[in-house]
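Shown below: model_37.tsv, with TSV, C-alpha atoms.
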```
chain	number	residue	atom	x	y	z
A	1	MET	CA	15.82	-9.85	-191.47
A	2	SER	CA	16.45	-7.15	-188.87
A	3	SER	CA	19.33	-6.77	-186.43
A	4	SER	CA	17.81	-3.80	-184.59
A	5	ALA	CA	16.64	-5.98	-181.69
A	6	VAL	CA	20.04	-7.68	-181.30
A	7	PRO	CA	22.46	-5.92	-178.95
A	8	SER	CA	26.21	-6.14	-179.47
A	9	PHE	CA	27.38	-9.63	-178.60
A	10	SER	CA	29.54	-9.84	-175.48
A	11	PRO	CA	31.01	-13.19	-174.37
A	12	ASP	CA	31.46	-11.75	-170.87
A	13	ALA	CA	27.73	-11.16	-170.30
A	14	PRO	CA	26.45	-13.08	-167.23
A	15	GLU	CA	23.51	-14.54	-169.15
A	16	ILE	CA	25.93	-16.03	-171.69
A	17	HIS	CA	27.75	-17.90	-168.93
A	18	ALA	CA	24.53	-19.25	-167.43
A	19	ASP	CA	22.85	-20.23	-170.71
A	20	PRO	CA	24.27	-18.96	-174.03
A	21	TYR	CA	21.68	-20.56	-176.29
A	22	PRO	CA	18.90	-17.91	-176.24
A	23	ALA	CA	21.44	-15.24	-177.25
A	24	PHE	CA	22.93	-17.60	-179.82
A	25	GLY	CA	19.48	-18.20	-181.27
A	26	ARG	CA	18.73	-14.47	-181.57
A	27	LEU	CA	21.97	-13.89	-183.45
A	28	ARG	CA	21.49	-16.91	-185.68
A	29	GLU	CA	17.95	-15.95	-186.69
A	30	LEU	CA	18.08	-12.12	-186.69
A	31	ASP	CA	21.70	-11.12	-187.31
A	32	PRO	CA	23.71	-14.12	-188.57
A	33	ILE	CA	26.67	-11.94	-189.64
A	34	HIS	CA	26.91	-9.66	-186.62
A	35	ARG	CA	29.31	-6.77	-186.10
A	36	SER	CA	30.14	-6.49	-182.39
A	37	ASP	CA	31.01	-3.19	-180.71
A	38	PRO	CA	34.69	-4.19	-180.24
A	39	GLY	CA	34.90	-4.59	-184.01
A	40	TYR	CA	35.00	-8.34	-184.62
A	41	TRP	CA	32.40	-10.25	-186.63
A	42	VAL	CA	30.22	-12.99	-185.15
A	43	VAL	CA	28.82	-15.78	-187.36
A	44	SER	CA	26.27	-18.23	-186.00
A	45	ARG	CA	24.59	-20.29	-188.73
A	46	HIS	CA	25.91	-23.77	-189.43
A	47	GLU	CA	26.58	-23.05	-193.10
A	48	ASP	CA	28.58	-19.90	-192.32
A	49	VAL	CA	30.48	-21.29	-189.33
A	50	ARG	CA	31.49	-24.35	-191.33
A	51	SER	CA	32.55	-22.26	-194.33
A	52	VAL	CA	34.81	-20.07	-192.18
A	53	LEU	CA	36.37	-23.07	-190.40
A	54	MET	CA	36.94	-24.94	-193.68
A	55	ASP	CA	38.25	-22.02	-195.78
A	56	ARG	CA	42.03	-22.28	-195.41
A	57	GLN	CA	42.61	-19.59	-198.05
A	58	GLY	CA	40.24	-17.00	-196.65
A	59	PHE	CA	40.64	-17.58	-192.90
A	60	GLY	CA	43.36	-18.65	-190.48
A	61	GLN	CA	44.90	-17.65	-187.19
A	62	GLY	CA	46.62	-14.59	-188.60
A	63	ASP	CA	49.11	-12.44	-186.72
A	64	PHE	CA	49.17	-13.83	-183.18
A	65	VAL	CA	50.55	-10.68	-181.54
A	66	GLU	CA	47.99	-8.43	-183.20
A	67	SER	CA	45.19	-10.83	-182.30
A	68	ILE	CA	46.06	-10.63	-178.60
A	69	ARG	CA	46.56	-6.87	-178.73
A	70	LEU	CA	42.99	-6.55	-179.97
A	71	PHE	CA	41.97	-7.16	-176.35
A	72	TYR	CA	44.82	-5.41	-174.51
A	73	GLY	CA	45.75	-2.46	-176.70
A	74	PRO	CA	48.60	-1.72	-179.14
A	75	ASP	CA	51.34	-1.36	-176.50
A	76	PHE	CA	50.83	-4.70	-174.74
A	77	ASP	CA	54.00	-6.83	-174.69
A	78	VAL	CA	52.46	-10.12	-175.85
A	79	MET	CA	55.65	-12.13	-176.30
A	80	GLY	CA	56.98	-10.88	-172.99
A	81	GLN	CA	54.33	-12.99	-171.26
A	82	ARG	CA	55.48	-16.59	-170.81
A	83	ALA	CA	51.96	-18.01	-171.21
A	84	TYR	CA	51.23	-16.11	-174.42
A	85	LYS	CA	54.65	-16.97	-175.84
A	86	TRP	CA	53.83	-20.65	-175.24
A	87	LEU	CA	50.39	-20.23	-176.81
A	88	SER	CA	51.91	-18.61	-179.91
A	89	GLU	CA	53.93	-21.78	-180.47
A	90	VAL	CA	50.99	-24.22	-180.21
A	91	PHE	CA	50.27	-25.50	-183.74
A	92	LEU	CA	46.55	-24.91	-183.22
A	93	MET	CA	47.30	-21.17	-183.13
A	94	GLN	CA	49.47	-21.18	-186.25
A	95	ASP	CA	48.97	-21.14	-190.00
A	96	PRO	CA	50.87	-23.12	-192.65
A	97	PRO	CA	53.65	-23.90	-193.24
A	98	HIS	CA	54.67	-24.30	-189.58
A	99	HIS	CA	51.25	-25.63	-188.61
A	100	THR	CA	51.40	-28.26	-191.38
A	101	ARG	CA	54.77	-29.64	-190.29
A	102	VAL	CA	54.03	-29.89	-186.57
A	103	ARG	CA	50.47	-31.16	-186.96
A	104	GLY	CA	51.65	-33.83	-189.40
A	105	LEU	CA	54.19	-35.14	-186.91
A	106	VAL	CA	51.66	-35.07	-184.06
A	107	THR	CA	48.93	-36.88	-185.99
A	108	GLY	CA	51.51	-39.40	-187.16
A	109	ALA	CA	52.34	-40.20	-183.54
A	110	LEU	CA	48.69	-40.06	-182.42
A	111	ASN	CA	47.48	-42.34	-185.21
A	112	ALA	CA	44.29	-44.37	-185.44
A	113	LYS	CA	46.10	-47.65	-184.81
A	114	ARG	CA	47.58	-46.36	-181.55
A	115	VAL	CA	44.18	-45.01	-180.44
A	116	ARG	CA	42.32	-48.25	-181.26
A	117	ALA	CA	44.87	-50.26	-179.35
A	118	MET	CA	43.98	-48.24	-176.25
A	119	GLU	CA	40.38	-49.50	-176.05
A	120	PRO	CA	40.94	-52.42	-173.63
A	121	ARG	CA	42.96	-50.19	-171.32
A	122	ILE	CA	40.38	-47.37	-171.44
A	123	ARG	CA	37.67	-49.91	-170.54
A	124	GLN	CA	39.75	-51.09	-167.58
A	125	ILE	CA	40.30	-47.52	-166.36
A	126	ALA	CA	36.57	-46.76	-166.65
A	127	ASP	CA	35.73	-49.98	-164.78
A	128	ASP	CA	38.11	-49.13	-161.96
A	129	LEU	CA	36.68	-45.62	-161.58
A	130	ILE	CA	33.10	-46.93	-161.58
A	131	ASP	CA	33.99	-49.60	-158.99
A	132	THR	CA	35.45	-46.89	-156.75
A	133	MET	CA	32.31	-44.77	-157.05
A	134	LEU	CA	30.03	-47.75	-156.40
A	135	ALA	CA	32.01	-48.66	-153.30
A	136	SER	CA	31.73	-45.14	-151.90
A	137	GLY	CA	27.96	-44.93	-152.39
A	138	ARG	CA	28.03	-41.39	-153.76
A	139	ALA	CA	30.32	-39.31	-155.94
A	140	GLU	CA	31.09	-35.94	-157.46
A	141	PHE	CA	31.14	-36.89	-161.12
A	142	ILE	CA	33.53	-34.23	-162.44
A	143	LYS	CA	36.29	-34.91	-159.90
A	144	ASP	CA	35.75	-38.65	-159.48
A	145	PHE	CA	35.21	-39.70	-163.10
A	146	ALA	CA	35.09	-37.01	-165.80
A	147	TYR	CA	38.60	-35.74	-165.06
A	148	GLN	CA	40.09	-39.01	-163.91
A	149	LEU	CA	39.32	-41.02	-167.05
A	150	PRO	CA	41.02	-38.81	-169.66
A	151	VAL	CA	43.90	-37.94	-167.32
A	152	ARG	CA	44.70	-41.61	-166.77
A	153	VAL	CA	44.38	-42.28	-170.49
A	154	MET	CA	46.80	-39.46	-171.30
A	155	CYS	CA	49.20	-40.74	-168.63
A	156	ASP	CA	49.12	-44.18	-170.24
A	157	MET	CA	49.70	-42.76	-173.71
A	158	LEU	CA	52.55	-40.46	-172.71
A	159	GLY	CA	54.11	-42.94	-170.32
A	160	ILE	CA	53.51	-40.85	-167.19
A	161	ASP	CA	53.13	-42.68	-163.89
A	162	PRO	CA	49.53	-41.98	-162.73
A	163	GLY	CA	50.85	-42.18	-159.18
A	164	ASP	CA	53.40	-39.41	-159.78
A	165	PRO	CA	52.90	-36.98	-156.86
A	166	ARG	CA	53.44	-34.06	-159.25
A	167	LEU	CA	50.42	-34.99	-161.37
A	168	SER	CA	47.86	-33.08	-159.31
A	169	GLU	CA	50.08	-30.01	-159.62
A	170	VAL	CA	50.25	-30.52	-163.39
A	171	MET	CA	46.46	-30.81	-163.68
A	172	ASP	CA	45.99	-27.68	-161.59
A	173	ALA	CA	48.59	-25.83	-163.67
A	174	ILE	CA	46.72	-26.67	-166.88
A	175	ALA	CA	43.42	-25.44	-165.47
A	176	ARG	CA	45.04	-22.18	-164.34
A	177	SER	CA	47.22	-21.53	-167.39
A	178	PHE	CA	44.88	-22.54	-170.23
A	179	ILE	CA	42.90	-19.39	-169.45
A	180	VAL	CA	45.13	-17.78	-172.10
A	181	PHE	CA	43.01	-19.56	-174.72
A	182	GLU	CA	40.16	-17.24	-173.70
A	183	ALA	CA	39.96	-14.41	-176.22
A	184	ARG	CA	39.78	-11.57	-173.71
A	185	ALA	CA	42.01	-9.37	-171.62
A	186	LEU	CA	43.04	-11.25	-168.50
A	187	THR	CA	43.29	-9.50	-165.18
A	188	GLU	CA	46.79	-8.76	-163.90
A	189	GLN	CA	46.45	-11.58	-161.37
A	190	GLU	CA	45.14	-14.08	-163.95
A	191	LEU	CA	48.00	-13.33	-166.34
A	192	ALA	CA	50.67	-13.54	-163.63
A	193	GLU	CA	49.26	-16.89	-162.51
A	194	ALA	CA	49.11	-18.22	-166.09
A	195	ASN	CA	52.75	-17.22	-166.65
A	196	GLU	CA	53.80	-18.99	-163.47
A	197	GLN	CA	51.82	-22.16	-164.17
A	198	ILE	CA	53.08	-22.53	-167.75
A	199	GLY	CA	56.54	-22.60	-166.18
A	200	VAL	CA	55.43	-25.51	-163.97
A	201	LEU	CA	54.20	-27.43	-167.02
A	202	GLN	CA	57.29	-26.73	-169.08
A	203	ALA	CA	59.57	-28.02	-166.32
A	204	PHE	CA	57.54	-31.23	-165.95
A	205	PHE	CA	57.49	-32.10	-169.65
A	206	GLU	CA	61.09	-31.01	-170.26
A	207	GLU	CA	62.11	-33.67	-167.74
A	208	LEU	CA	59.85	-36.27	-169.39
A	209	PHE	CA	61.33	-35.77	-172.86
A	210	ALA	CA	64.90	-35.54	-171.62
A	211	ASP	CA	64.37	-38.99	-170.12
A	212	ARG	CA	62.78	-40.46	-173.29
A	213	MET	CA	65.69	-39.29	-175.42
A	214	VAL	CA	68.03	-41.56	-173.48
A	215	ASN	CA	65.49	-44.16	-172.27
A	216	PRO	CA	62.96	-44.78	-175.08
A	217	GLN	CA	59.79	-46.67	-174.20
A	218	ASP	CA	56.66	-47.89	-176.00
A	219	ASP	CA	54.66	-44.72	-175.42
A	220	LEU	CA	53.54	-41.55	-177.17
A	221	ALA	CA	56.27	-39.45	-175.57
A	222	THR	CA	58.90	-41.64	-177.25
A	223	ALA	CA	56.93	-41.64	-180.52
A	224	LEU	CA	56.93	-37.84	-180.49
A	225	VAL	CA	60.67	-37.75	-179.77
A	226	GLN	CA	61.25	-40.07	-182.73
A	227	SER	CA	58.73	-38.42	-185.09
A	228	GLY	CA	60.01	-37.19	-188.42
A	229	GLY	CA	63.41	-37.35	-190.01
A	230	GLN	CA	66.50	-35.48	-188.97
A	231	GLU	CA	65.38	-32.27	-190.70
A	232	ASP	CA	61.73	-32.12	-189.66
A	233	ALA	CA	61.87	-33.76	-186.22
A	234	LEU	CA	60.36	-31.76	-183.38
A	235	SER	CA	62.81	-29.66	-181.42
A	236	HIS	CA	62.95	-30.08	-177.64
A	237	GLU	CA	60.99	-26.85	-177.19
A	238	GLU	CA	58.38	-27.98	-179.72
A	239	LEU	CA	58.06	-31.35	-177.97
A	240	VAL	CA	57.30	-29.63	-174.68
A	241	THR	CA	54.82	-27.24	-176.30
A	242	VAL	CA	53.01	-30.08	-178.07
A	243	ALA	CA	52.91	-32.27	-174.95
A	244	ILE	CA	51.37	-29.53	-172.82
A	245	GLY	CA	48.75	-28.91	-175.50
A	246	LEU	CA	47.96	-32.61	-175.98
A	247	PHE	CA	47.79	-33.37	-172.28
A	248	GLY	CA	45.66	-30.32	-171.53
A	249	ALA	CA	43.30	-30.67	-174.46
A	250	GLY	CA	43.23	-34.43	-173.96
A	251	PHE	CA	41.68	-34.22	-170.54
A	252	GLU	CA	40.07	-30.78	-170.26
A	253	THR	CA	37.66	-30.89	-173.22
A	254	THR	CA	36.99	-34.62	-172.83
A	255	ALA	CA	36.15	-34.12	-169.16
A	256	HIS	CA	33.74	-31.35	-170.16
A	257	MET	CA	32.15	-33.65	-172.75
A	258	LEU	CA	31.54	-36.37	-170.15
A	259	GLY	CA	30.17	-33.96	-167.56
A	260	ASN	CA	27.97	-32.15	-170.08
A	261	GLY	CA	26.63	-35.50	-171.28
A	262	ILE	CA	25.66	-36.73	-167.81
A	263	LEU	CA	24.05	-33.36	-167.07
A	264	SER	CA	22.04	-33.58	-170.31
A	265	PHE	CA	20.94	-37.12	-169.48
A	266	ALA	CA	19.91	-36.01	-165.98
A	267	GLN	CA	17.78	-33.27	-167.51
A	268	ASN	CA	16.28	-35.71	-170.04
A	269	ARG	CA	15.60	-38.95	-168.18
A	270	GLN	CA	13.88	-40.65	-171.11
A	271	GLN	CA	17.13	-40.36	-173.06
A	272	TRP	CA	19.06	-41.99	-170.22
A	273	ALA	CA	16.50	-44.80	-170.23
A	274	ALA	CA	17.07	-45.22	-173.98
A	275	LEU	CA	20.83	-45.49	-173.44
A	276	VAL	CA	20.44	-47.96	-170.56
A	277	ALA	CA	18.18	-50.12	-172.74
A	278	ASP	CA	20.92	-50.56	-175.37
A	279	PRO	CA	24.22	-49.01	-174.27
A	280	ARG	CA	26.49	-50.83	-176.70
A	281	ASN	CA	24.59	-49.67	-179.77
A	282	ARG	CA	23.63	-46.18	-178.59
A	283	SER	CA	26.76	-44.92	-176.81
A	284	ALA	CA	28.43	-43.63	-180.00
A	285	ALA	CA	25.31	-41.64	-180.91
A	286	ALA	CA	25.19	-40.35	-177.33
A	287	VAL	CA	28.68	-38.92	-177.78
A	288	ASP	CA	27.77	-37.05	-180.96
A	289	GLU	CA	24.52	-35.74	-179.51
A	290	THR	CA	26.31	-34.52	-176.40
A	291	LEU	CA	28.88	-32.75	-178.55
A	292	ARG	CA	26.10	-31.17	-180.61
A	293	PHE	CA	23.75	-30.24	-177.80
A	294	GLU	CA	26.23	-29.03	-175.15
A	295	SER	CA	29.61	-28.73	-176.84
A	296	SER	CA	32.81	-28.48	-174.80
A	297	LEU	CA	33.99	-25.85	-177.30
A	298	ILE	CA	31.23	-23.38	-178.06
A	299	ALA	CA	33.19	-20.86	-180.10
A	300	THR	CA	36.53	-20.21	-181.77
A	301	TYR	CA	38.16	-17.25	-183.50
A	302	ARG	CA	39.58	-16.94	-186.99
A	303	THR	CA	41.32	-14.05	-188.78
A	304	ALA	CA	40.47	-13.07	-192.36
A	305	LEU	CA	43.49	-13.67	-194.59
A	306	ALA	CA	41.80	-12.30	-197.71
A	307	GLU	CA	38.80	-10.11	-198.49
A	308	THR	CA	35.76	-12.36	-198.13
A	309	GLN	CA	32.00	-11.99	-198.48
A	310	ILE	CA	29.69	-13.50	-195.87
A	311	ARG	CA	25.98	-12.95	-196.43
A	312	GLY	CA	26.62	-9.71	-198.29
A	313	GLU	CA	29.03	-8.29	-195.70
A	314	THR	CA	32.67	-7.71	-196.62
A	315	VAL	CA	35.22	-9.07	-194.17
A	316	TYR	CA	38.60	-7.48	-194.79
A	317	PRO	CA	42.05	-9.03	-194.25
A	318	GLY	CA	43.10	-8.83	-190.61
A	319	GLU	CA	39.57	-8.65	-189.23
A	320	LYS	CA	38.60	-11.17	-186.54
A	321	VAL	CA	35.64	-13.51	-186.88
A	322	LEU	CA	34.11	-15.32	-183.90
A	323	THR	CA	32.46	-18.55	-185.06
A	324	LEU	CA	29.72	-19.63	-182.64
A	325	ILE	CA	29.97	-23.41	-182.79
A	326	GLY	CA	27.32	-23.77	-180.09
A	327	ALA	CA	24.88	-21.75	-182.20
A	328	ALA	CA	25.70	-23.66	-185.39
A	329	ASN	CA	25.14	-26.98	-183.60
A	330	ARG	CA	21.58	-25.91	-182.84
A	331	ASP	CA	20.73	-24.51	-186.25
A	332	PRO	CA	17.19	-25.68	-187.16
A	333	ARG	CA	18.19	-25.59	-190.83
A	334	LEU	CA	20.22	-28.73	-190.20
A	335	PHE	CA	18.83	-30.30	-187.02
A	336	ASP	CA	15.12	-30.82	-186.35
A	337	ASP	CA	13.96	-29.52	-182.96
A	338	PRO	CA	17.58	-28.57	-182.16
A	339	ASP	CA	17.01	-27.51	-178.55
A	340	ARG	CA	15.97	-31.05	-177.65
A	341	PHE	CA	18.57	-33.58	-176.46
A	342	ASP	CA	17.90	-36.74	-178.47
A	343	ILE	CA	20.42	-39.58	-178.83
A	344	GLY	CA	18.22	-41.09	-181.52
A	345	ARG	CA	19.07	-38.37	-184.02
A	346	ASP	CA	22.00	-38.31	-186.44
A	347	ALA	CA	24.14	-35.56	-184.91
A	348	ARG	CA	27.36	-36.32	-186.75
A	349	LYS	CA	27.39	-33.00	-188.63
A	350	HIS	CA	28.07	-31.05	-185.43
A	351	LEU	CA	31.11	-28.75	-185.55
A	352	SER	CA	32.45	-29.34	-182.04
A	353	PHE	CA	35.78	-30.68	-183.32
A	354	GLY	CA	36.28	-27.63	-185.51
A	355	GLY	CA	37.06	-28.05	-189.18
A	356	GLY	CA	39.61	-27.78	-191.94
A	357	ILE	CA	43.30	-27.85	-191.07
A	358	HIS	CA	42.47	-27.15	-187.42
A	359	PHE	CA	40.13	-30.13	-187.00
A	360	CYS	CA	40.80	-31.61	-183.55
A	361	ALA	CA	43.79	-33.96	-183.73
A	362	GLY	CA	42.43	-35.92	-180.76
A	363	ALA	CA	38.87	-36.34	-182.04
A	364	GLU	CA	39.12	-40.12	-182.46
A	365	LEU	CA	40.46	-40.58	-178.93
A	366	ALA	CA	37.76	-38.31	-177.45
A	367	ARG	CA	35.02	-40.24	-179.26
A	368	LEU	CA	36.44	-43.54	-178.01
A	369	GLU	CA	36.66	-42.34	-174.41
A	370	GLY	CA	33.13	-40.94	-174.55
A	371	ARG	CA	31.67	-44.08	-176.10
A	372	ILE	CA	33.26	-46.33	-173.50
A	373	ALA	CA	32.33	-44.05	-170.61
A	374	PHE	CA	28.65	-43.71	-171.54
A	375	GLU	CA	28.37	-47.40	-172.32
A	376	GLN	CA	29.89	-48.61	-169.06
A	377	LEU	CA	28.13	-46.05	-166.88
A	378	ALA	CA	24.78	-47.08	-168.40
A	379	GLU	CA	25.54	-50.78	-167.92
A	380	GLN	CA	26.91	-50.59	-164.38
A	381	MET	CA	25.04	-47.60	-162.96
A	382	PRO	CA	21.61	-47.75	-164.67
A	383	ASP	CA	19.94	-45.77	-161.86
A	384	LEU	CA	22.48	-42.92	-162.01
A	385	GLU	CA	21.00	-39.49	-161.33
A	386	ALA	CA	22.71	-36.11	-161.19
A	387	ASP	CA	21.89	-32.92	-159.33
A	388	CYS	CA	20.93	-30.75	-162.29
A	389	ALA	CA	18.86	-28.08	-160.50
A	390	ALA	CA	21.56	-25.40	-160.68
A	391	PRO	CA	24.52	-26.42	-162.87
A	392	GLU	CA	27.85	-24.93	-161.78
A	393	TRP	CA	29.60	-23.87	-164.98
A	394	ARG	CA	33.31	-23.16	-164.99
A	395	PRO	CA	34.33	-19.55	-165.70
A	396	GLY	CA	35.26	-18.60	-169.23
A	397	PHE	CA	33.50	-18.53	-172.59
A	398	LEU	CA	35.15	-20.58	-175.34
A	399	PHE	CA	35.27	-23.82	-173.33
A	400	ARG	CA	32.05	-24.89	-171.61
A	401	GLY	CA	32.09	-27.40	-168.79
A	402	LEU	CA	30.97	-27.98	-165.24
A	403	SER	CA	33.03	-27.36	-162.12
A	404	ARG	CA	31.09	-30.00	-160.16
A	405	LEU	CA	28.17	-32.41	-160.62
A	406	PRO	CA	27.05	-34.54	-157.63
A	407	ILE	CA	25.57	-37.91	-158.62
A	408	THR	CA	23.65	-40.67	-156.83
A	409	TRP	CA	22.36	-44.11	-157.93
```

Can I see the file as structure tokens?
Amino acid sequence: MSSSAVPSFSPDAPEIHADPYPAFGRLRELDPIHRSDPGYWVVSRHEDVRSVLMDRQGFGQGDFVESIRLFYGPDFDVMGQRAYKWLSEVFLMQDPPHHTRVRGLVTGALNAKRVRAMEPRIRQIADDLIDTMLASGRAEFIKDFAYQLPVRVMCDMLGIDPGDPRLSEVMDAIARSFIVFEARALTEQELAEANEQIGVLQAFFEELFADRMVNPQDDLATALVQSGGQEDALSHEELVTVAIGLFGAGFETTAHMLGNGILSFAQNRQQWAALVADPRNRSAAAVDETLRFESSLIATYRTALAETQIRGETVYPGEKVLTLIGAANRDPRLFDDPDRFDIGRDARKHLSFGGGIHFCAGAELARLEGRIAFEQLAEQMPDLEADCAAPEWRPGFLFRGLSRLPITW
């Protein structure tokens, strides 16, 4: 093995944005435990990525302030930025014991029974969106379906009126504020905008929960308000933080999954034909293969909590490790012919939902939405085609999705 031909990994490189997989493959095969110039480690093989994500003793989120200062410098006022202060309170960015308490209450409210009960309603929403597209004769898939489906599902779950005129502002605020999840230094304008837009979101959800406290309903917002006992119930601030995270993650990554799937089918027409031939039995596999082949989340960071060995290299406490989920999902040691999109394979060992204590709390809902979407699109729009000549990827590195995808049928 030789790393001499592998330059320092940079998530900001233009070629990474256009197509990260050649660079991922070089790292995975030539330098699987890579030391980048900024000082963080990069792991890319499935075995190593999974071990880091699953090792709750050796790896976690670590010191939030120091993690952000890695990109800005030691004098940066992290907690003085409204968007970063919010991010520091999201349970995904925390370690036990606080993470354990909040995640337990969230997963209790977002339980399997509640998700399964949503299936008829999700099917109705998907039907309505498809009917609208069919009536128009043409569509832009990201705007007209990929975003609309999970947003309407989250509205139903949280008890938000999908006709609320503020909803478009909320969706825009999430897109413009969730940039703080990107592990890089934001420009002055980006950070100012993120701070402003987090304020928009906090005001919206503060009003929602204030109402549910006095007017409980049969929805997830009320379930969150009522989660836990008197001692471990979520505070009002925690409720707002959790709701923003759930709503944002609930539509952003799911929308990317749907768009990435339709793009992959457009680039592999024989796979679309296979889905159309048997959509009810193949849609679940199509979801897993989409998540493996073109994951919505292609990387995530962890911090070493204890001295750990990875392939003979010592990772010391406090050091950052970038786990390349997109590279692990195409590791030939686990998946045959991994650069081929194939809904006939068993892709369930992909790592797109993360792992360990930070495994995606909304994974079951995302799978359900994806299965229903692919099934009903294949049944009702069997001749669907997408313009895949020059995919328009959204800016950013950790989350991979399209900004637009015109479709015809």

### Task
State, in Å with one decimal place, the distance from atom CA of Glu206 of chain A to atom CA of Ile125 of chain A.
26.8 Å

### Query
So how many Å separate atom CA of Ala83 of chain A and atom CA of Ile198 of chain A, to one decimal?
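Computing it gives 5.8 Å between the two atoms.
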
### Query
Which one is closest to Phe59 of chain A: A:Leu234, A:Met118, A:Leu129, A:Ala304? Count all atoms listed in the file.
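Of A:Leu234, A:Met118, A:Leu129, A:Ala304, the one nearest Phe59 of chain A is A:Ala304, counting all atoms listed in the file.
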
Give me the residues of segment 141-233 of chain A that have any atom at most 12 Å from an atom of segment 374-388 of chain A; for each, the nearest atom pair and the distance in Å, rounded to one decimal. Use only C-alpha atoms, sort by chain and number, and format it as a tab-separated table.
```
residue	atom	partner	partner_atom	distance
A:Phe141	CA	A:Ala386	CA	8.5
A:Ile142	CA	A:Ala386	CA	11.1
A:Phe145	CA	A:Leu377	CA	10.2
A:Ala146	CA	A:Phe374	CA	10.9
A:Leu149	CA	A:Phe374	CA	11.9
```

### Task
Excluding Ile160 of chain A and residues on its chain fewer than 3 positions from it, collect all residues at most 12 Å away from it, counting all atoms listed in the file, and give them as a PyMOL selection string.
chain A and resi 151-157+163-167+170+204-205+207-209+211-212+217-222+243+247

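For the atom pair formed by atom CA of Asp278 of chain A and atom CA of Asp331 of chain A, the distance is 28.2 Å, given to one decimal.
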
### Task
Skip Thr253 of chain A itself and residues of its chain fewer than 5 positions away, then list as a ChimeraX atom specification all residues within 10 Å of it, counting all atoms listed in the file.
/A:146-147,150,248,258-259,295-297,366,399-401

Mind writing the picked residues with C-alpha atoms as an mmCIF file, in the frame of the given file?
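To be explicit, this is the file written out as part.cif:
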```
data_model
loop_
_atom_site.group_PDB
_atom_site.id
_atom_site.type_symbol
_atom_site.label_atom_id
_atom_site.label_comp_id
_atom_site.auth_asym_id
_atom_site.auth_seq_id
_atom_site.Cartn_x
_atom_site.Cartn_y
_atom_site.Cartn_z
ATOM 1 C CA ALA A 146 35.090 -37.010 -165.800
ATOM 2 C CA TYR A 147 38.600 -35.740 -165.060
ATOM 3 C CA PRO A 150 41.020 -38.810 -169.660
ATOM 4 C CA GLY A 248 45.660 -30.320 -171.530
ATOM 5 C CA LEU A 258 31.540 -36.370 -170.150
ATOM 6 C CA GLY A 259 30.170 -33.960 -167.560
ATOM 7 C CA SER A 295 29.610 -28.730 -176.840
ATOM 8 C CA SER A 296 32.810 -28.480 -174.800
ATOM 9 C CA LEU A 297 33.990 -25.850 -177.300
ATOM 10 C CA ALA A 366 37.760 -38.310 -177.450
ATOM 11 C CA PHE A 399 35.270 -23.820 -173.330
ATOM 12 C CA ARG A 400 32.050 -24.890 -171.610
ATOM 13 C CA GLY A 401 32.090 -27.400 -168.790
#
```

Quick one: which segment 212-319 of chain A residues come within 12 Å of segment 103-113 of chain A, and what is the nearest atom pair for each with the distance in Å to one decimal, counting only C-alpha atoms, rows ordered by chain and ascending number, as a tab-separated table?
```
residue	atom	partner	partner_atom	distance
A:Asp218	CA	A:Ala109	CA	11.6
A:Asp219	CA	A:Ala109	CA	9.6
A:Leu220	CA	A:Ala109	CA	6.6
A:Ala221	CA	A:Ala109	CA	8.9
A:Thr222	CA	A:Ala109	CA	9.2
A:Ala223	CA	A:Ala109	CA	5.7
A:Leu224	CA	A:Ala109	CA	6.0
A:Val225	CA	A:Ala109	CA	9.5
A:Gln226	CA	A:Ala109	CA	8.9
A:Ser227	CA	A:Leu105	CA	5.9
A:Gly228	CA	A:Leu105	CA	6.4
A:Gly229	CA	A:Leu105	CA	10.0
A:Asp232	CA	A:Leu105	CA	8.6
A:Ala233	CA	A:Leu105	CA	7.8
A:Leu234	CA	A:Leu105	CA	7.9
A:Ser235	CA	A:Leu105	CA	11.6
A:Glu238	CA	A:Val106	CA	10.7
A:Leu239	CA	A:Val106	CA	9.6
A:Thr241	CA	A:Val106	CA	11.5
A:Val242	CA	A:Val106	CA	7.9
A:Ala243	CA	A:Val106	CA	9.6
A:Gly245	CA	A:Val106	CA	10.9
A:Leu246	CA	A:Val106	CA	9.2
A:Gly250	CA	A:Leu110	CA	11.5
```

### Task
Can you work out which one of A:Glu29, A:Asp95, A:Glu140, A:Glu252 has the shortest atom-to-atom distance to Ala173 of chain A, counting all atoms listed in the file?
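Comparing A:Glu29, A:Asp95, A:Glu140, A:Glu252 against Ala173 of chain A, the winner is A:Glu252.
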
### Selected residue, from A:Phe353, A:Phe293, A:Trp86, A:Phe265, that lies nearest to Glu196 of chain A when counting only C-alpha atoms
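Checking each of A:Phe353, A:Phe293, A:Trp86, A:Phe265 against Glu196 of chain A, counting only C-alpha atoms, the winner is A:Trp86.
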
### Task
Compare A:Leu158, A:Val200, A:Ile244, A:Met54 by their minimum atom-to-atom distance to Glu89 of chain A, counting all atoms listed in the file, and give me the closest one.
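Among the listed residues, A:Ile244 lies closest to Glu89 of chain A.
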
### Query
Hey, which of A:Leu186, A:Leu87, A:Leu365, A:Leu263 ends up closest to Thr290 of chain A? Count only C-alpha atoms.
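Counting only C-alpha atoms, the residue closest to Thr290 of chain A is A:Leu263.
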
### Task
Using all atoms listed in the file, find the one residue out of A:Ile130, A:Ile179, A:Val49, A:Ala13 that sits nearest to Arg28 of chain A.
A:Val49

### Query
Could you list as a list of chain:residue names every residue that has an atom within 9 Å of (48.8, -21.2, -179.5), using the file's coordinates and counting all atoms listed in the file?
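Here the neighbourhood of the point contains A:Phe64, A:Tyr84, A:Lys85, A:Trp86, A:Leu87, A:Ser88, A:Glu89, A:Val90, A:Phe91, A:Leu92, A:Met93, A:Gln94, A:Val180, A:Phe181, A:Gly245.
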